[in-house]
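Colleague: Let me begin by handing over the structure; questions about it come next.
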Amino acid sequence: MNRLHVGKVLVVAMLFCGLAKAAGFKTFDPPGSTGTYVAAINLEGAIAGEYTDASGLQHGFLRAPNGVLTAFDPPNSQWTYANGINVRGVIAGVVFDNLGSLHSHGFLRAPDGTITLFDVPGQGTGFFQGAQCQAINNFGATTGQYFDDNYVLHGFVRAANGVITTFDIPGSASTQSFGINDEGAVTGQYLDGAGVWHGFLRAPSGAVTSFDPVGSTATYPGIITDLGVIMGGYYDTAGVPHGFVRSPNGTITTITVPGAGTDQAVYAGTYANGMNQLGVIVGGFIGDDGMRHAWVRTPDGHISTYDVPGASETPGNGSNAAAINLLGVITGKEFDAAGVPHGYVRYPGGH
């Protein structure tokens, strides 16, 4: 996808945003869920994620724009994690099999429900080894990582035609890939010889750029837009988490939400979780009181916070934003008084 086409898409999206009616919040859970976890939302408003059943098993789910929920599991699955969904409705994720080894495989679920499993050359076959698919772009290319027989992590990119390319950041002890854009650029993190995690950008050509926010002791990028904007998080020298956004020219801006705490006993801090192609970022923050709240940051740096109506206002509970689409629809989870997470959708203008 060239940048002119991207620009047209963004203009259309902004026009739709302006016409969207305020619809507020809607909460949801797949039938039989004892905990719902949202991962991604596409332009149409389809949501992918997973839920836990009464037996403690994980299942994937798709929530259609009309609210219809469909549960799914790849063959021989023990735990299913849906990590991404593209504009065509293809879901990508990881499944752990039930053959006693909890071996992992990548999967793709087509809009008709057909599921394709795939493995990565060189992946291990031992306990908790295998491929983990983390993200998918609109052309069907995916990225992620795999454990080899020595439990070393390596990155991979799987093209839409199924061709897999593996890679390692030069000098790294482990490589993990979390985001891919329509150009084929990938972002993720790698572990150096001193045990420190750094962020990286891997261009479609394979060229790699390493980066870290100032003061980072562990950097974990998550999403990259078609224009090359990268979003993620990092931990400072005190162990407090912050979000960050990296512009295409390499400038990195720290995101610390007002009200975010620093008490690591309650995991206080700022967590950046999702970003759309317009550069609007969403996430959650935890105050020193242990309460969770959701936040939205516009590209000009303006941050607003919100809580899902009905979310428990007790320590350890509250609201969190996981993903946002081009039309400004946000999805995430809210916790009830028992600490059980439920999915929700927040429409533009909703309060």
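Going through the structure tokens in order, the chains are called A, B, and so on, while each chain numbers its residues from 1 and the ligands are numbered from 1 in the order shown.
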Counting only C-alpha atoms, which residues of segment 231-298 of chain A sit at most 12 Å from some atom of segment 322-345 of chain A, and what is each one's closest atom pair with its distance in Å to one decimal, listed by chain and rising residue number, as CSV?

Modeller:
```
residue,atom,partner,partner_atom,distance
A:Met231,CA,A:Ala323,CA,12.0
A:Tyr271,CA,A:Ala322,CA,9.8
A:Ala272,CA,A:Ala322,CA,8.3
A:Asn273,CA,A:Ala322,CA,5.2
A:Gly274,CA,A:Ala323,CA,4.3
A:Met275,CA,A:Ile324,CA,6.0
A:Asn276,CA,A:Asn325,CA,5.3
A:Gln277,CA,A:Leu326,CA,6.3
A:Leu278,CA,A:Leu326,CA,6.8
A:Gly279,CA,A:Leu326,CA,9.3
A:Val280,CA,A:Ile324,CA,7.8
A:Ile281,CA,A:Ile324,CA,7.5
A:Val282,CA,A:Ala323,CA,6.5
A:Gly283,CA,A:Ala322,CA,5.9
A:Gly284,CA,A:Ala322,CA,8.0
A:Phe285,CA,A:Ala322,CA,11.7
A:Met291,CA,A:Phe335,CA,10.4
A:Arg292,CA,A:Glu334,CA,8.9
A:His293,CA,A:Glu334,CA,9.1
A:Ala294,CA,A:Gly332,CA,8.8
A:Trp295,CA,A:Ala322,CA,10.0
A:Val296,CA,A:Ile330,CA,9.2
A:Arg297,CA,A:Ile324,CA,11.0
A:Thr298,CA,A:Gly328,CA,10.6
```

Colleague: Atom CA of Gly93 of chain A and atom CA of Gln58 of chain A are how many Å apart?

Modeller: 12.3 Å

Colleague: Just the strand (DSSP E) stuff from segment 19-135 of chain A, please, per backbone DSSP, written as JSON, numbers by chain.

Modeller: {"A": [25, 26, 27, 28, 35, 36, 37, 38, 39, 40, 41, 47, 48, 49, 50, 51, 52, 58, 59, 60, 61, 62, 63, 69, 70, 71, 72, 77, 78, 79, 80, 81, 82, 83, 84, 85, 91, 92, 93, 94, 95, 96, 97, 104, 105, 106, 107, 108, 109, 115, 116, 117, 118, 130, 131, 132, 133, 134, 135]}

Colleague: Need to verify the contact set: segment 212-215 of chain A, 12 Å, only C-alpha atoms, exclusion of same-chain residues closer than 4 positions in sequence. Can you return it as JSON, numbers by chain?

Modeller: {"A": [188, 189, 190, 196, 197, 198, 199, 200, 201, 219, 220, 221, 230, 231, 232, 233, 234, 235, 236, 237, 238, 239, 240, 241, 242, 243, 244, 245, 246, 247, 250, 251, 252, 253, 254, 255]}

Colleague: Rounded to one decimal, what separation in Å do you get between atom CA of Asp263 of chain A and atom CA of Asn317 of chain A?

Modeller: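 Pair atom CA of Asp263 of chain A / atom CA of Asn317 of chain A returns 15.9 Å.
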
Colleague: Enumerate, in order of chain and increasing residue number, the residues of segment 175-236 of chain A with an atom no farther than 12 Å from segment 69-91 of chain A, each with its shortest atom pair and distance in Å to one decimal, counting only C-alpha atoms, as JSON lines.

Modeller:
```
{"residue": "A:Phe178", "atom": "CA", "partner": "A:Asn83", "partner_atom": "CA", "distance": 9.6}
{"residue": "A:Gly179", "atom": "CA", "partner": "A:Gly84", "partner_atom": "CA", "distance": 9.6}
{"residue": "A:Ile180", "atom": "CA", "partner": "A:Gly84", "partner_atom": "CA", "distance": 10.5}
{"residue": "A:Asn181", "atom": "CA", "partner": "A:Asn86", "partner_atom": "CA", "distance": 10.7}
{"residue": "A:Asp182", "atom": "CA", "partner": "A:Asn86", "partner_atom": "CA", "distance": 10.3}
{"residue": "A:Gly222", "atom": "CA", "partner": "A:Asn83", "partner_atom": "CA", "distance": 11.5}
{"residue": "A:Ile223", "atom": "CA", "partner": "A:Gly84", "partner_atom": "CA", "distance": 10.9}
```

Colleague: Grab the residues selected above and save them as a tab-separated table (two decimals), in the first residue's frame with N, CA and C atoms.

Modeller:
```tsv
chain	number	residue	atom	x	y	z
A	178	PHE	N	6.33	-7.99	17.44
A	178	PHE	CA	4.96	-7.76	17.89
A	178	PHE	C	4.06	-7.01	16.92
A	179	GLY	N	4.64	-6.29	15.93
A	179	GLY	CA	3.81	-5.49	15.05
A	179	GLY	C	4.31	-5.51	13.62
A	180	ILE	N	3.38	-5.43	12.65
A	180	ILE	CA	3.73	-5.38	11.24
A	180	ILE	C	2.77	-4.45	10.53
A	181	ASN	N	3.29	-3.59	9.63
A	181	ASN	CA	2.40	-2.70	8.89
A	181	ASN	C	2.20	-3.22	7.47
A	182	ASP	N	1.41	-2.49	6.69
A	182	ASP	CA	1.09	-2.96	5.35
A	182	ASP	C	2.28	-2.87	4.40
A	222	GLY	N	5.04	-2.18	20.31
A	222	GLY	CA	3.91	-3.06	20.06
A	222	GLY	C	3.27	-2.92	18.71
A	223	ILE	N	3.13	-1.69	18.17
A	223	ILE	CA	2.40	-1.46	16.93
A	223	ILE	C	3.17	-0.48	16.06
```

Colleague: With only C-alpha atoms as the basis for distance, which of A:Gly162, A:Pro111, A:Gly316, A:Pro299 is at the shortest distance from Val266 of chain A?

Modeller: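 Among the listed residues, the smallest separation from Val266 of chain A belongs to A:Gly316.
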
Colleague: What's the 8 Å shell around segment 153-158 of chain A, counting only C-alpha atoms, without same-chain residues fewer than 6 positions away, as number ranges by chain?

Modeller: A: 120, 141-147, 164-168, 173-177

Colleague: Could you pull the residues within 9 Å of Thr116 of chain A, counting only C-alpha atoms, minus those fewer than 2 positions along the same chain, as a count of residues only?

Modeller: 8

Colleague: In Å to one decimal, how far is atom CA of Phe25 of chain A from atom CA of Gly301 of chain A?

Modeller: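 Those two atoms sit 24.2 Å apart.
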
Colleague: Which is closest to Asn42 of chain A among A:Ala203, A:Ile136, A:Ala218, A:Ile303, if we use only C-alpha atoms?

Modeller: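 Residue with the minimum atom-to-atom distance to Asn42 of chain A: A:Ile136.
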
Colleague: Using only C-alpha atoms, which of the listed residues (A:Gly290, A:Gly67, A:Gly318, A:Pro348) sits closest to Thr27 of chain A?

Modeller: A:Gly67

Colleague: Which is closer to Ala260 of chain A than all the others in A:Thr305, A:Ser205, A:Ser55, A:Thr187, using only C-alpha atoms?

Modeller: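 Between A:Thr305, A:Ser205, A:Ser55, A:Thr187, the residue approaching Ala260 of chain A most closely is A:Thr305.
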
Colleague: Contacts of Gln123 of chain A at 8 Å or less, counting only C-alpha atoms, minus same-chain residues fewer than 6 places along, as a short mmCIF file (atom, residue, chain, number, x, y, z; two decimals) with C-alpha atoms, in the first residue's frame?

Modeller:
```cif
data_model
loop_
_atom_site.label_atom_id
_atom_site.label_comp_id
_atom_site.auth_asym_id
_atom_site.auth_seq_id
_atom_site.Cartn_x
_atom_site.Cartn_y
_atom_site.Cartn_z
CA GLN A 129 8.20 -24.40 22.50
CA GLY A 130 6.99 -23.51 19.01
CA ALA A 131 5.62 -20.57 17.02
CA TYR A 146 9.31 -18.86 18.00
CA PHE A 147 11.20 -20.81 20.63
CA ASP A 148 13.89 -23.14 19.38
CA ASP A 149 14.99 -26.35 21.14
#
```
